[in-house]
Amino acid sequence: MSGHSHWSTIKRKKGAADAKKGAVFTRLAREIALAARQGGGDPSMNVSLELAIDRAKSSNMPKDSIERAIKRGTGEDKDGAELEEITYEGYLGRGTAAIIECVTENRNRTVADLRHILSKGGGDLASNGSVSWQFDRKAVFSIESDGRNFDKAFEAALEGGADDVTEEDGYIEIVGAAETFKSIHDHLVASKLRIEDAGLRMIPNQEVELDFDQTVAVLKVINNLEENDDVQHVYSNLKFGNEHVEAIDN
């Protein structure tokens, strides 16, 4: 997604968070557990866990829920079912493609849900490799712009190895190669810049532009996927803007 589209979607999701705290907390807990499993339970030594905890706190997730998710990831809590991280590829209809990252306790349930959502929108799941070649994995950071911090963010990002820094719609977006993630993060933190969101994202090599109604229709499919509890992230090659997001919200 373009920076404009990507962050307008994030803001829309944040705005809807209060209406479905339970689902949001479930998704955040799984993200924390996976980060802890992959990099250990100490956030000072695990950037992914540190960022996941920050996102949980910003959504007012209770402290004990965060600690329980960390213990689940490190194996200290044996009560929870085993989580599995799976990436699916698919078509959203109207010539658009998507990569869908999921965390699930039941692979069969997740596949059935995804097939149902996609088929209703005129799409379907695809075989591995049929879509992913259209995307590159990148380190992506978002910093809220205060009208004065762009130069500071620009300098820190470039020192960290970023390829691109843009400012649009109230946010500074930083993009770099996947392997520069920690370096960029450390430079931004050292510059005392507050990171709103960060992670390794799948960025399309080329976006697909549709007419207004078709764009909104595909966005509805993306929205339905994002509302599924097992779905963590949806990346598509659809080009869209705030006017399309607002059409769904209204």
# chains A, B, ... in the order shown; residues from 1 in each chain; ligands from 1
>>> residues_around(residues="Arg72 of chain A", least_positions_apart="6", cutoff="10 Å", atoms="only C-alpha atoms", output="PDB file with C-alpha atoms, in the first residue's frame")
ATOM      1  CA  ALA A  29      -2.110 -10.691  22.983  1.00  0.00           C
ATOM      2  CA  ARG A  30      -1.258 -13.026  20.109  1.00  0.00           C
ATOM      3  CA  ILE A  32       2.912 -10.172  22.075  1.00  0.00           C
ATOM      4  CA  ALA A  33       3.039 -13.948  22.548  1.00  0.00           C
ATOM      5  CA  LEU A  34       4.598 -14.504  19.131  1.00  0.00           C
ATOM      6  CA  ALA A  36       8.109 -13.257  23.014  1.00  0.00           C
ATOM      7  CA  ARG A  37       8.365 -16.745  21.530  1.00  0.00           C
ATOM      8  CA  GLY A  41      10.403 -12.208  27.028  1.00  0.00           C
ATOM      9  CA  ILE A  66       0.206  -8.231  28.702  1.00  0.00           C
ATOM     10  CA  LYS A  78       1.082 -23.870  29.722  1.00  0.00           C
ATOM     11  CA  ASP A  79      -2.682 -23.284  29.823  1.00  0.00           C
ATOM     12  CA  GLY A  80      -3.151 -21.620  26.425  1.00  0.00           C
ATOM     13  CA  ALA A  81      -3.438 -23.557  23.173  1.00  0.00           C
ATOM     14  CA  GLU A  82      -0.400 -23.526  20.883  1.00  0.00           C
ATOM     15  CA  LEU A  83      -0.401 -20.552  18.527  1.00  0.00           C
TER      16      LEU A  83
END
>>> closest_residue(among="A:Pro62, A:His187, A:Arg137, A:Val175", to="Lys152 of chain A", atoms="only C-alpha atoms")
A:His187
>>> closest_residue(among="A:Gly160, A:Asp213, A:Glu105, A:Gly93", to="Ser119 of chain A", atoms="only C-alpha atoms")
A:Gly93
>>> atom_distance(atom1="atom CA of Arg115 of chain A", atom2="atom CA of Gly90 of chain A")
9.1 Å
>>> residues_around(residues="segment 207-212 of chain A", least_positions_apart="2", cutoff="9 Å", atoms="only C-alpha atoms", output="list in words")
Met1, Ser2, Arg94, Gly95, Thr96, Ala97, Pro204, Asn205, Gln214, Thr215, Val216, Ala217, Ser236, Asn237, Leu238, Lys239, Phe240 and His244 of chain A
>>> select_by_dssp(residues="segment 86-236 of chain A", states="helix (DSSP H, G or I)", output="ChimeraX atom specification")
/A:107-120,132-134,150-160,178-190,212-226
>>> atom_distance(atom1="atom CA of Arg27 of chain A", atom2="atom CA of Leu219 of chain A")
20.5 Å
>>> residues_around(residues="Gln38 of chain A", least_positions_apart="2", cutoff="12 Å", atoms="only C-alpha atoms", output="number ranges by chain")
A: 31-36, 40-43, 45-49, 70, 72-75, 84-85
>>> closest_residue(among="A:Glu243, A:Asp124, A:Glu179, A:Glu101", to="Thr87 of chain A", atoms="only C-alpha atoms")
A:Glu101
>>> select_by_dssp(residues="segment 86-201 of chain A", states="strand (DSSP E)", output="VMD selection string")
chain A and resid 86 to 93 96 to 104 124 to 126 135 to 144 164 to 168 171 to 177 197 to 201
>>> write_last_selection(atoms="N, CA and C atoms", output="short mmCIF file (atom, residue, chain, number, x, y, z; two decimals), in the first residue's frame")
data_model
loop_
_atom_site.label_atom_id
_atom_site.label_comp_id
_atom_site.auth_asym_id
_atom_site.auth_seq_id
_atom_site.Cartn_x
_atom_site.Cartn_y
_atom_site.Cartn_z
N ILE A 86 0.75 -18.22 10.39
CA ILE A 86 0.62 -18.70 9.01
C ILE A 86 0.36 -17.51 8.09
N THR A 87 0.99 -17.53 6.92
CA THR A 87 0.76 -16.50 5.91
C THR A 87 0.05 -17.12 4.71
N TYR A 88 -1.06 -16.52 4.33
CA TYR A 88 -1.83 -16.99 3.18
C TYR A 88 -1.75 -15.97 2.05
N GLU A 89 -1.87 -16.45 0.84
CA GLU A 89 -1.92 -15.59 -0.34
C GLU A 89 -3.30 -15.74 -0.98
N GLY A 90 -3.80 -14.65 -1.55
CA GLY A 90 -5.13 -14.74 -2.12
C GLY A 90 -5.45 -13.61 -3.07
N TYR A 91 -6.63 -13.71 -3.66
CA TYR A 91 -7.14 -12.69 -4.58
C TYR A 91 -8.40 -12.09 -3.97
N LEU A 92 -8.48 -10.77 -4.03
CA LEU A 92 -9.60 -10.04 -3.44
C LEU A 92 -10.71 -9.77 -4.44
N GLY A 93 -10.51 -10.15 -5.68
CA GLY A 93 -11.46 -9.84 -6.73
C GLY A 93 -11.03 -8.61 -7.51
N THR A 96 -7.16 -7.73 -7.96
CA THR A 96 -6.31 -7.34 -6.82
C THR A 96 -5.85 -8.57 -6.04
N ALA A 97 -4.66 -8.45 -5.46
CA ALA A 97 -4.06 -9.57 -4.73
C ALA A 97 -3.78 -9.15 -3.30
N ALA A 98 -3.61 -10.14 -2.42
CA ALA A 98 -3.36 -9.85 -1.01
C ALA A 98 -2.50 -10.91 -0.36
N ILE A 99 -1.77 -10.49 0.65
CA ILE A 99 -1.07 -11.39 1.55
C ILE A 99 -1.71 -11.22 2.91
N ILE A 100 -2.10 -12.32 3.52
CA ILE A 100 -2.87 -12.29 4.77
C ILE A 100 -2.08 -13.02 5.84
N GLU A 101 -1.61 -12.28 6.84
CA GLU A 101 -0.84 -12.87 7.93
C GLU A 101 -1.78 -13.19 9.09
N CYS A 102 -1.73 -14.43 9.54
CA CYS A 102 -2.65 -14.90 10.58
C CYS A 102 -1.89 -15.52 11.75
N VAL A 103 -2.52 -15.47 12.91
CA VAL A 103 -2.06 -16.20 14.09
C VAL A 103 -3.27 -16.96 14.60
N THR A 104 -3.16 -18.28 14.69
CA THR A 104 -4.34 -19.07 14.98
C THR A 104 -4.04 -20.26 15.88
N ASP A 124 -10.52 -15.53 -3.84
CA ASP A 124 -10.26 -16.88 -3.33
C ASP A 124 -8.83 -16.94 -2.82
N LEU A 125 -8.53 -17.98 -2.07
CA LEU A 125 -7.15 -18.21 -1.65
C LEU A 125 -6.34 -18.69 -2.85
N ALA A 126 -5.04 -18.44 -2.81
CA ALA A 126 -4.16 -18.81 -3.91
C ALA A 126 -3.04 -19.71 -3.37
N PHE A 135 5.19 -8.61 -4.07
CA PHE A 135 5.43 -7.81 -2.87
C PHE A 135 6.88 -7.95 -2.42
N ASP A 136 7.36 -6.94 -1.70
CA ASP A 136 8.67 -6.99 -1.04
C ASP A 136 8.47 -6.73 0.44
N ARG A 137 9.21 -7.46 1.27
CA ARG A 137 9.14 -7.22 2.71
C ARG A 137 10.04 -6.05 3.07
N LYS A 138 9.45 -5.07 3.74
CA LYS A 138 10.17 -3.85 4.09
C LYS A 138 9.99 -3.52 5.57
N ALA A 139 10.97 -2.81 6.11
CA ALA A 139 10.82 -2.23 7.45
C ALA A 139 10.07 -0.91 7.30
N VAL A 140 8.96 -0.77 8.02
CA VAL A 140 8.13 0.42 7.90
C VAL A 140 7.87 1.00 9.29
N PHE A 141 8.07 2.31 9.41
CA PHE A 141 7.85 3.02 10.67
C PHE A 141 6.92 4.20 10.42
N SER A 142 6.09 4.50 11.39
CA SER A 142 5.21 5.67 11.32
C SER A 142 5.42 6.53 12.56
N ILE A 143 5.61 7.82 12.33
CA ILE A 143 5.76 8.79 13.40
C ILE A 143 4.76 9.90 13.17
N GLU A 144 4.01 10.25 14.19
CA GLU A 144 3.05 11.34 14.03
C GLU A 144 3.80 12.66 13.83
N ASP A 164 13.59 5.56 2.19
CA ASP A 164 12.61 6.58 1.83
C ASP A 164 11.97 7.15 3.10
N VAL A 165 11.78 8.45 3.11
CA VAL A 165 11.09 9.13 4.22
C VAL A 165 10.10 10.11 3.60
N THR A 166 8.83 9.98 3.94
CA THR A 166 7.81 10.87 3.40
C THR A 166 6.92 11.39 4.52
N GLU A 167 6.27 12.50 4.26
CA GLU A 167 5.34 13.08 5.23
C GLU A 167 4.03 13.37 4.52
N GLU A 168 2.95 12.81 5.05
CA GLU A 168 1.65 12.99 4.41
C GLU A 168 0.55 12.69 5.42
N TYR A 171 1.37 12.16 9.16
CA TYR A 171 2.30 11.13 9.57
C TYR A 171 3.58 11.18 8.75
N ILE A 172 4.69 10.86 9.40
CA ILE A 172 5.96 10.65 8.71
C ILE A 172 6.13 9.14 8.56
N GLU A 173 6.30 8.70 7.32
CA GLU A 173 6.48 7.27 7.06
C GLU A 173 7.90 7.02 6.60
N ILE A 174 8.53 6.03 7.22
CA ILE A 174 9.91 5.66 6.93
C ILE A 174 9.93 4.23 6.42
N VAL A 175 10.60 4.01 5.30
CA VAL A 175 10.67 2.68 4.69
C VAL A 175 12.12 2.32 4.41
N GLY A 176 12.48 1.08 4.73
CA GLY A 176 13.83 0.60 4.46
C GLY A 176 13.83 -0.89 4.21
N ALA A 177 14.96 -1.42 3.83
CA ALA A 177 15.09 -2.87 3.65
C ALA A 177 14.81 -3.57 4.98
N ASP A 197 3.91 3.35 15.08
CA ASP A 197 3.72 1.97 14.62
C ASP A 197 4.96 1.56 13.84
N ALA A 198 5.30 0.29 13.91
CA ALA A 198 6.48 -0.20 13.19
C ALA A 198 6.38 -1.69 13.00
N GLY A 199 7.03 -2.18 11.97
CA GLY A 199 7.05 -3.61 11.73
C GLY A 199 7.58 -3.92 10.36
N LEU A 200 7.68 -5.21 10.08
CA LEU A 200 8.05 -5.66 8.75
C LEU A 200 6.77 -5.84 7.95
N ARG A 201 6.61 -5.07 6.89
CA ARG A 201 5.38 -5.06 6.10
C ARG A 201 5.65 -5.54 4.68
#
>>> atom_distance(atom1="atom CA of Glu246 of chain A", atom2="atom CA of Gly123 of chain A")
23.1 Å
